[in-house]
>>> print(open('input.cif').read())   # mmCIF, C-alpha atoms
data_my_file
#
loop_
_atom_site.label_atom_id
_atom_site.label_comp_id
_atom_site.auth_asym_id
_atom_site.auth_seq_id
_atom_site.Cartn_x
_atom_site.Cartn_y
_atom_site.Cartn_z
CA ALA T 771 -20.85 -12.55 -6.25
CA GLN T 772 -17.71 -14.61 -6.31
CA PHE T 773 -16.34 -16.03 -9.53
CA GLU T 774 -13.12 -17.13 -11.17
CA ILE T 775 -11.87 -16.47 -14.68
CA PRO T 776 -9.00 -18.67 -15.82
CA ALA T 777 -6.23 -16.69 -17.49
CA ALA T 778 -3.31 -18.55 -18.99
CA ASN T 779 0.01 -16.83 -19.68
CA LEU T 780 -1.05 -13.61 -17.99
CA PRO T 781 1.79 -11.04 -17.94
CA LEU T 782 2.81 -10.44 -14.33
CA TRP T 783 3.44 -7.10 -12.61
CA SER T 784 6.87 -6.56 -11.07
CA PRO T 785 9.02 -3.53 -10.23
CA GLU T 786 11.05 -4.17 -13.39
CA THR T 787 7.99 -4.66 -15.62
CA PRO T 788 4.96 -2.95 -14.08
CA VAL T 789 2.42 -4.45 -16.49
CA LEU T 790 -1.14 -3.22 -15.90
CA ASN T 791 -4.21 -4.70 -17.53
CA ASP T 792 -7.54 -3.05 -18.23
CA VAL T 793 -10.21 -5.09 -16.47
CA VAL T 794 -13.89 -4.54 -17.21
CA ILE T 795 -16.68 -6.37 -15.43
CA ALA T 796 -20.17 -5.65 -16.78
CA SER T 797 -23.64 -6.87 -16.01
CA GLY T 798 -26.61 -5.18 -17.60
CA ASP T 799 -26.16 -1.42 -17.25
CA ASP T 800 -23.56 -1.79 -14.49
CA GLU T 801 -19.89 -1.64 -15.37
CA LEU T 802 -16.75 -1.65 -13.27
CA LYS T 803 -13.41 -0.68 -14.86
CA ASP T 804 -9.94 -0.71 -13.34
CA ARG T 805 -6.28 -1.03 -14.34
CA VAL T 806 -4.67 -3.76 -12.31
CA GLY T 807 -1.49 -5.75 -12.23
CA PHE T 808 -1.32 -9.41 -11.40
CA ARG T 809 1.46 -10.78 -9.21
CA THR T 810 2.12 -13.01 -6.24
CA VAL T 811 3.83 -12.01 -3.00
CA SER T 812 5.15 -14.66 -0.64
CA THR T 813 7.96 -15.26 1.79
CA SER T 814 10.60 -17.94 2.12
CA GLY T 815 12.38 -17.67 5.45
CA ARG T 816 13.44 -14.03 5.62
CA ASP T 817 13.15 -13.49 1.87
CA ILE T 818 10.28 -11.64 0.19
CA LEU T 819 9.33 -13.13 -3.16
CA VAL T 820 7.43 -11.33 -5.92
CA ASN T 821 6.24 -13.79 -8.54
CA GLY T 822 8.51 -16.38 -6.93
CA LYS T 823 11.64 -14.22 -7.29
CA LYS T 824 13.54 -12.79 -4.32
CA VAL T 825 13.41 -8.98 -4.08
CA PHE T 826 15.61 -6.66 -2.08
CA LEU T 827 13.69 -3.64 -0.82
CA ARG T 828 15.49 -0.35 -1.48
CA GLY T 829 13.31 2.41 -0.22
CA VAL T 830 12.28 5.36 1.85
CA SER T 831 9.39 6.34 4.10
CA LEU T 832 7.10 9.03 2.75
CA HIS T 833 4.74 11.36 4.52
CA GLU T 834 1.85 12.70 2.50
CA GLU T 835 3.38 16.17 2.35
CA ASN T 836 4.45 18.39 -0.52
CA PRO T 837 7.70 20.03 0.62
CA LEU T 838 7.47 22.67 -2.13
CA TYR T 839 4.21 24.10 -0.80
CA GLY T 840 4.17 22.99 2.83
CA SER T 841 0.84 21.25 2.32
CA ARG T 842 -0.73 17.84 2.01
CA VAL T 843 -0.26 15.79 -1.14
CA TRP T 844 -3.69 15.78 -2.71
CA SER T 845 -3.20 15.67 -6.46
CA GLU T 846 -1.87 13.08 -8.86
CA ASP T 847 0.95 15.51 -9.75
CA ASP T 848 1.98 15.71 -6.08
CA ALA T 849 2.09 11.93 -5.86
CA LYS T 850 4.08 11.71 -9.11
CA MET T 851 6.62 14.16 -7.69
CA LEU T 852 7.19 12.17 -4.47
CA LEU T 853 7.29 8.79 -6.18
CA GLY T 854 9.46 10.23 -8.96
CA TRP T 855 11.97 11.41 -6.37
CA ALA T 856 11.98 7.90 -4.88
CA LYS T 857 12.70 6.45 -8.34
CA GLU T 858 15.54 8.98 -8.82
CA LEU T 859 17.05 7.61 -5.59
CA ASN T 860 16.89 4.12 -7.16
CA CYS T 861 14.14 3.03 -4.78
CA ASN T 862 11.93 0.10 -5.69
CA PHE T 863 9.90 0.42 -2.48
CA VAL T 864 8.21 3.10 -0.36
CA ARG T 865 6.59 2.99 3.05
CA LEU T 866 3.56 5.27 3.10
CA ALA T 867 4.17 6.26 6.67
CA HIS T 868 1.80 6.51 9.59
CA TYR T 869 -1.64 6.71 7.93
CA PRO T 870 -3.50 5.88 4.73
CA HIS T 871 -2.24 8.12 1.93
CA ASN T 872 -4.27 9.43 -0.99
CA GLU T 873 -5.37 6.76 -3.44
CA HIS T 874 -3.16 8.36 -6.12
CA MET T 875 -0.05 7.04 -4.37
CA ALA T 876 -0.79 3.32 -4.75
CA ARG T 877 -2.23 3.71 -8.26
CA LEU T 878 0.85 5.60 -9.46
CA ALA T 879 3.14 3.15 -7.68
CA ASP T 880 1.43 0.43 -9.74
CA GLU T 881 2.30 2.33 -12.93
CA MET T 882 5.85 3.20 -11.86
CA GLY T 883 6.85 -0.24 -10.54
CA ILE T 884 7.31 0.82 -6.93
CA MET T 885 6.39 -1.66 -4.20
CA VAL T 886 4.40 -0.15 -1.31
CA TRP T 887 3.97 -0.66 2.42
CA GLU T 888 0.67 0.84 3.65
CA GLU T 889 -0.24 1.37 7.27
CA THR T 890 -2.88 2.67 9.63
CA PRO T 891 -2.38 5.30 12.34
CA VAL T 892 -1.93 2.88 15.25
CA TYR T 893 1.14 4.15 17.04
CA TRP T 894 2.87 5.15 20.24
CA THR T 895 0.71 4.99 23.33
CA ILE T 896 -2.89 4.77 22.18
CA ASP T 897 -5.31 3.21 24.66
CA TRP T 898 -4.57 -0.44 24.00
CA THR T 899 -7.34 -1.60 26.36
CA ASN T 900 -10.17 0.48 24.83
CA ALA T 901 -12.57 -1.67 22.75
CA GLY T 902 -13.58 1.42 20.74
CA THR T 903 -9.95 2.11 19.82
CA LEU T 904 -9.55 -1.49 18.62
CA ALA T 905 -12.77 -1.29 16.58
CA ASN T 906 -11.58 1.97 15.02
CA ALA T 907 -8.20 0.47 14.12
CA GLN T 908 -9.82 -2.64 12.65
CA LYS T 909 -12.18 -0.53 10.54
CA GLN T 910 -9.36 1.69 9.26
CA LEU T 911 -7.33 -1.38 8.24
CA ALA T 912 -10.36 -3.02 6.58
CA ASP T 913 -11.15 0.24 4.71
CA LEU T 914 -7.54 0.56 3.50
CA ILE T 915 -7.41 -3.05 2.32
CA SER T 916 -10.81 -2.70 0.65
CA ARG T 917 -9.64 0.40 -1.21
CA ASP T 918 -6.25 -0.91 -2.33
CA GLN T 919 -6.67 -4.70 -2.48
CA ASN T 920 -6.31 -4.63 -6.26
CA ARG T 921 -3.14 -2.54 -6.30
CA ALA T 922 -0.26 -4.75 -7.43
CA SER T 923 2.25 -2.38 -5.83
CA VAL T 924 1.01 -3.00 -2.28
CA ILE T 925 3.06 -5.82 -0.79
CA VAL T 926 2.76 -5.01 2.95
CA TRP T 927 -0.21 -4.08 5.12
CA SER T 928 0.99 -2.77 8.48
CA VAL T 929 -1.20 -2.85 11.57
CA ALA T 930 0.92 -0.46 13.64
CA ASN T 931 4.17 1.43 13.89
CA GLU T 932 6.44 2.74 16.65
CA THR T 933 4.56 0.98 19.44
CA PRO T 934 6.15 0.42 22.85
CA ILE T 935 6.05 -3.26 23.78
CA SER T 936 3.55 -4.22 26.47
CA GLU T 937 1.15 -7.07 27.12
CA ALA T 938 -1.86 -4.86 26.30
CA ARG T 939 -0.25 -3.70 23.04
CA THR T 940 0.57 -7.24 21.97
CA LYS T 941 -2.99 -8.41 22.68
CA PHE T 942 -4.40 -5.43 20.75
CA LEU T 943 -2.18 -6.05 17.71
CA LYS T 944 -2.92 -9.78 17.66
CA SER T 945 -6.62 -8.90 17.62
#
>>> encode(input="input.cif", output="structure tokens")
Amino acid sequence: AQFEIPAANLPLWSPETPVLNDVVIASGDDELKDRVGFRTVSTSGRDILVNGKKVFLRGVSLHEENPLYGSRVWSEDDAKMLLGWAKELNCNFVRLAHYPHNEHMARLADEMGIMVWEETPVYWTIDWTNAGTLANAQKQLADLISRDQNRASVIVWSVANETPISEARTKFLKS
């Protein structure tokens, strides 16, 4: 179902004021709850605008790794540690490098006021001419967007990273 609910004077999410709202949609016995922020992201020339205001991205790239244990980040506490370190460095932005990270990362970034770049593992010299590879990449991107489309912190969806320029690569990425 598609519907619209007018909301006047809604407080907007931004890195300086990461306002989150409890949203509940119910029908009969079914209920969906989430905490979401509302904001706009646009561009003007080379400028990125959040809620119509120019932002300067100060950030780092993060791998989903806990350096204290030499393991993957899997818990909310792990995500808080990495994003907390980014905040200590005065970052307002993180790139979740190379692959979809745990859902905790974007949800905590919403709470902490950190803008996020998410990406799929399309990199280097994958088989740019393989239809199955393209279908896989498209599905991974669609799954990531589906999961995190309501995260106010996510301002960039990346389709690839560190790809050598070629005609086949360009065709693949445009697809």
>>> resolve_selection(input="input.cif", expression="the PyMOL selection byres ((chain T and resi 871) around 12)", output="ChimeraX atom specification")
/T:831-835,842-846,848-849,864-870,872-877,886-891,914,917-918
>>> resolve_selection(input="input.cif", expression="the PyMOL selection byres ((chain T and resi 920-931) around 9)", output="PDB file with C-alpha atoms, in the frame of the given file")
ATOM      1  CA  TRP T 783       3.440  -7.100 -12.610  1.00  0.00           C
ATOM      2  CA  SER T 784       6.870  -6.560 -11.070  1.00  0.00           C
ATOM      3  CA  PRO T 785       9.020  -3.530 -10.230  1.00  0.00           C
ATOM      4  CA  PRO T 788       4.960  -2.950 -14.080  1.00  0.00           C
ATOM      5  CA  LEU T 790      -1.140  -3.220 -15.900  1.00  0.00           C
ATOM      6  CA  ASP T 804      -9.940  -0.710 -13.340  1.00  0.00           C
ATOM      7  CA  ARG T 805      -6.280  -1.030 -14.340  1.00  0.00           C
ATOM      8  CA  VAL T 806      -4.670  -3.760 -12.310  1.00  0.00           C
ATOM      9  CA  GLY T 807      -1.490  -5.750 -12.230  1.00  0.00           C
ATOM     10  CA  PHE T 808      -1.320  -9.410 -11.400  1.00  0.00           C
ATOM     11  CA  ARG T 809       1.460 -10.780  -9.210  1.00  0.00           C
ATOM     12  CA  THR T 810       2.120 -13.010  -6.240  1.00  0.00           C
ATOM     13  CA  VAL T 811       3.830 -12.010  -3.000  1.00  0.00           C
ATOM     14  CA  VAL T 820       7.430 -11.330  -5.920  1.00  0.00           C
ATOM     15  CA  PHE T 863       9.900   0.420  -2.480  1.00  0.00           C
ATOM     16  CA  ARG T 865       6.590   2.990   3.050  1.00  0.00           C
ATOM     17  CA  ALA T 867       4.170   6.260   6.670  1.00  0.00           C
ATOM     18  CA  HIS T 868       1.800   6.510   9.590  1.00  0.00           C
ATOM     19  CA  ALA T 876      -0.790   3.320  -4.750  1.00  0.00           C
ATOM     20  CA  ARG T 877      -2.230   3.710  -8.260  1.00  0.00           C
ATOM     21  CA  LEU T 878       0.850   5.600  -9.460  1.00  0.00           C
ATOM     22  CA  ALA T 879       3.140   3.150  -7.680  1.00  0.00           C
ATOM     23  CA  ASP T 880       1.430   0.430  -9.740  1.00  0.00           C
ATOM     24  CA  GLU T 881       2.300   2.330 -12.930  1.00  0.00           C
ATOM     25  CA  MET T 882       5.850   3.200 -11.860  1.00  0.00           C
ATOM     26  CA  GLY T 883       6.850  -0.240 -10.540  1.00  0.00           C
ATOM     27  CA  ILE T 884       7.310   0.820  -6.930  1.00  0.00           C
ATOM     28  CA  MET T 885       6.390  -1.660  -4.200  1.00  0.00           C
ATOM     29  CA  VAL T 886       4.400  -0.150  -1.310  1.00  0.00           C
ATOM     30  CA  TRP T 887       3.970  -0.660   2.420  1.00  0.00           C
ATOM     31  CA  GLU T 888       0.670   0.840   3.650  1.00  0.00           C
ATOM     32  CA  GLU T 889      -0.240   1.370   7.270  1.00  0.00           C
ATOM     33  CA  THR T 890      -2.880   2.670   9.630  1.00  0.00           C
ATOM     34  CA  PRO T 891      -2.380   5.300  12.340  1.00  0.00           C
ATOM     35  CA  VAL T 892      -1.930   2.880  15.250  1.00  0.00           C
ATOM     36  CA  TYR T 893       1.140   4.150  17.040  1.00  0.00           C
ATOM     37  CA  TRP T 894       2.870   5.150  20.240  1.00  0.00           C
ATOM     38  CA  ALA T 907      -8.200   0.470  14.120  1.00  0.00           C
ATOM     39  CA  GLN T 908      -9.820  -2.640  12.650  1.00  0.00           C
ATOM     40  CA  LEU T 911      -7.330  -1.380   8.240  1.00  0.00           C
ATOM     41  CA  LEU T 914      -7.540   0.560   3.500  1.00  0.00           C
ATOM     42  CA  ILE T 915      -7.410  -3.050   2.320  1.00  0.00           C
ATOM     43  CA  SER T 916     -10.810  -2.700   0.650  1.00  0.00           C
ATOM     44  CA  ARG T 917      -9.640   0.400  -1.210  1.00  0.00           C
ATOM     45  CA  ASP T 918      -6.250  -0.910  -2.330  1.00  0.00           C
ATOM     46  CA  GLN T 919      -6.670  -4.700  -2.480  1.00  0.00           C
ATOM     47  CA  GLU T 932       6.440   2.740  16.650  1.00  0.00           C
ATOM     48  CA  THR T 933       4.560   0.980  19.440  1.00  0.00           C
ATOM     49  CA  LEU T 943      -2.180  -6.050  17.710  1.00  0.00           C
TER      50      LEU T 943
END
>>> closest_residue(input="input.cif", among="T:Leu802, T:Leu838, T:Ala856, T:Leu782", to="Lys823 in chain T", atoms="all atoms listed in the file")
T:Leu782
>>> atom_distance(input="input.cif", atom1="CA of Ala938 in chain T", atom2="CA of Trp898 in chain T")
5.7 Å
>>> resolve_selection(input="input.cif", expression="the PyMOL selection byres ((chain T and resi 861) around 9)", output="VMD selection string")
chain T and resid 827 to 830 855 to 860 862 to 864 884
>>> atom_distance(input="input.cif", atom1="CA of Ala905 in chain T", atom2="CA of Glu937 in chain T")
18.4 Å
>>> atom_distance(input="input.cif", atom1="CA of Gly854 in chain T", atom2="CA of Pro837 in chain T")
13.8 Å
>>> build_atoms(input="input.cif", residues="range 880-912 of chain T", atoms="N, CA and C atoms", output="compact mmCIF listing (two decimals), keeping the file's coordinate frame")
# COMPACT_ATOMS: atom_id res chain seq x y z
N ASP T 880 1.70 1.53 -8.80
CA ASP T 880 1.43 0.43 -9.74
C ASP T 880 2.07 0.73 -11.09
N GLU T 881 1.81 1.93 -11.61
CA GLU T 881 2.30 2.33 -12.93
C GLU T 881 3.82 2.44 -12.98
N MET T 882 4.42 2.91 -11.88
CA MET T 882 5.85 3.20 -11.86
C MET T 882 6.72 2.01 -11.42
N GLY T 883 6.08 0.92 -10.98
CA GLY T 883 6.85 -0.24 -10.54
C GLY T 883 7.49 -0.06 -9.19
N ILE T 884 6.79 0.60 -8.29
CA ILE T 884 7.31 0.82 -6.93
C ILE T 884 6.47 -0.01 -5.96
N MET T 885 7.11 -0.88 -5.21
CA MET T 885 6.39 -1.66 -4.20
C MET T 885 6.07 -0.76 -3.01
N VAL T 886 4.94 -1.05 -2.34
CA VAL T 886 4.40 -0.15 -1.31
C VAL T 886 4.08 -0.91 -0.02
N TRP T 887 4.38 -0.23 1.08
CA TRP T 887 3.97 -0.66 2.42
C TRP T 887 2.95 0.38 2.86
N GLU T 888 1.71 -0.07 3.16
CA GLU T 888 0.67 0.84 3.65
C GLU T 888 0.39 0.53 5.11
N GLU T 889 0.03 1.58 5.86
CA GLU T 889 -0.24 1.37 7.27
C GLU T 889 -1.34 2.29 7.79
N THR T 890 -1.84 1.90 8.96
CA THR T 890 -2.88 2.67 9.63
C THR T 890 -2.25 3.45 10.79
N PRO T 891 -2.95 4.47 11.27
CA PRO T 891 -2.38 5.30 12.34
C PRO T 891 -2.53 4.70 13.74
N VAL T 892 -1.99 3.51 13.92
CA VAL T 892 -1.93 2.88 15.25
C VAL T 892 -0.49 3.00 15.69
N TYR T 893 -0.24 3.87 16.67
CA TYR T 893 1.14 4.15 17.04
C TYR T 893 1.24 4.63 18.48
N TRP T 894 2.46 4.67 18.93
CA TRP T 894 2.87 5.15 20.24
C TRP T 894 2.01 4.58 21.36
N THR T 895 1.38 5.44 22.11
CA THR T 895 0.71 4.99 23.33
C THR T 895 -0.79 5.21 23.26
N ILE T 896 -1.43 4.71 22.22
CA ILE T 896 -2.89 4.77 22.18
C ILE T 896 -3.43 3.91 23.31
N ASP T 897 -4.70 3.99 23.59
CA ASP T 897 -5.31 3.21 24.66
C ASP T 897 -5.53 1.78 24.19
N TRP T 898 -4.56 0.94 24.47
CA TRP T 898 -4.57 -0.44 24.00
C TRP T 898 -5.70 -1.26 24.60
N THR T 899 -6.29 -0.82 25.69
CA THR T 899 -7.34 -1.60 26.36
C THR T 899 -8.75 -1.12 26.00
N ASN T 900 -8.87 -0.09 25.19
CA ASN T 900 -10.17 0.48 24.83
C ASN T 900 -10.76 -0.28 23.64
N ALA T 901 -11.92 -0.90 23.83
CA ALA T 901 -12.57 -1.67 22.75
C ALA T 901 -12.91 -0.77 21.56
N GLY T 902 -13.27 0.49 21.82
CA GLY T 902 -13.58 1.42 20.74
C GLY T 902 -12.36 1.74 19.89
N THR T 903 -11.20 1.84 20.55
CA THR T 903 -9.95 2.11 19.82
C THR T 903 -9.62 0.92 18.91
N LEU T 904 -9.80 -0.30 19.42
CA LEU T 904 -9.55 -1.49 18.62
C LEU T 904 -10.51 -1.54 17.43
N ALA T 905 -11.78 -1.27 17.67
CA ALA T 905 -12.77 -1.29 16.58
C ALA T 905 -12.42 -0.25 15.52
N ASN T 906 -11.98 0.91 15.95
CA ASN T 906 -11.58 1.97 15.02
C ASN T 906 -10.39 1.51 14.18
N ALA T 907 -9.39 0.93 14.83
CA ALA T 907 -8.20 0.47 14.12
C ALA T 907 -8.55 -0.64 13.13
N GLN T 908 -9.41 -1.56 13.54
CA GLN T 908 -9.82 -2.64 12.65
C GLN T 908 -10.57 -2.10 11.44
N LYS T 909 -11.43 -1.12 11.65
CA LYS T 909 -12.18 -0.53 10.54
C LYS T 909 -11.25 0.21 9.58
N GLN T 910 -10.30 0.97 10.13
CA GLN T 910 -9.36 1.69 9.26
C GLN T 910 -8.54 0.72 8.41
N LEU T 911 -8.09 -0.39 9.00
CA LEU T 911 -7.33 -1.38 8.24
C LEU T 911 -8.21 -2.04 7.18
N ALA T 912 -9.44 -2.40 7.55
CA ALA T 912 -10.36 -3.02 6.58
C ALA T 912 -10.67 -2.05 5.44
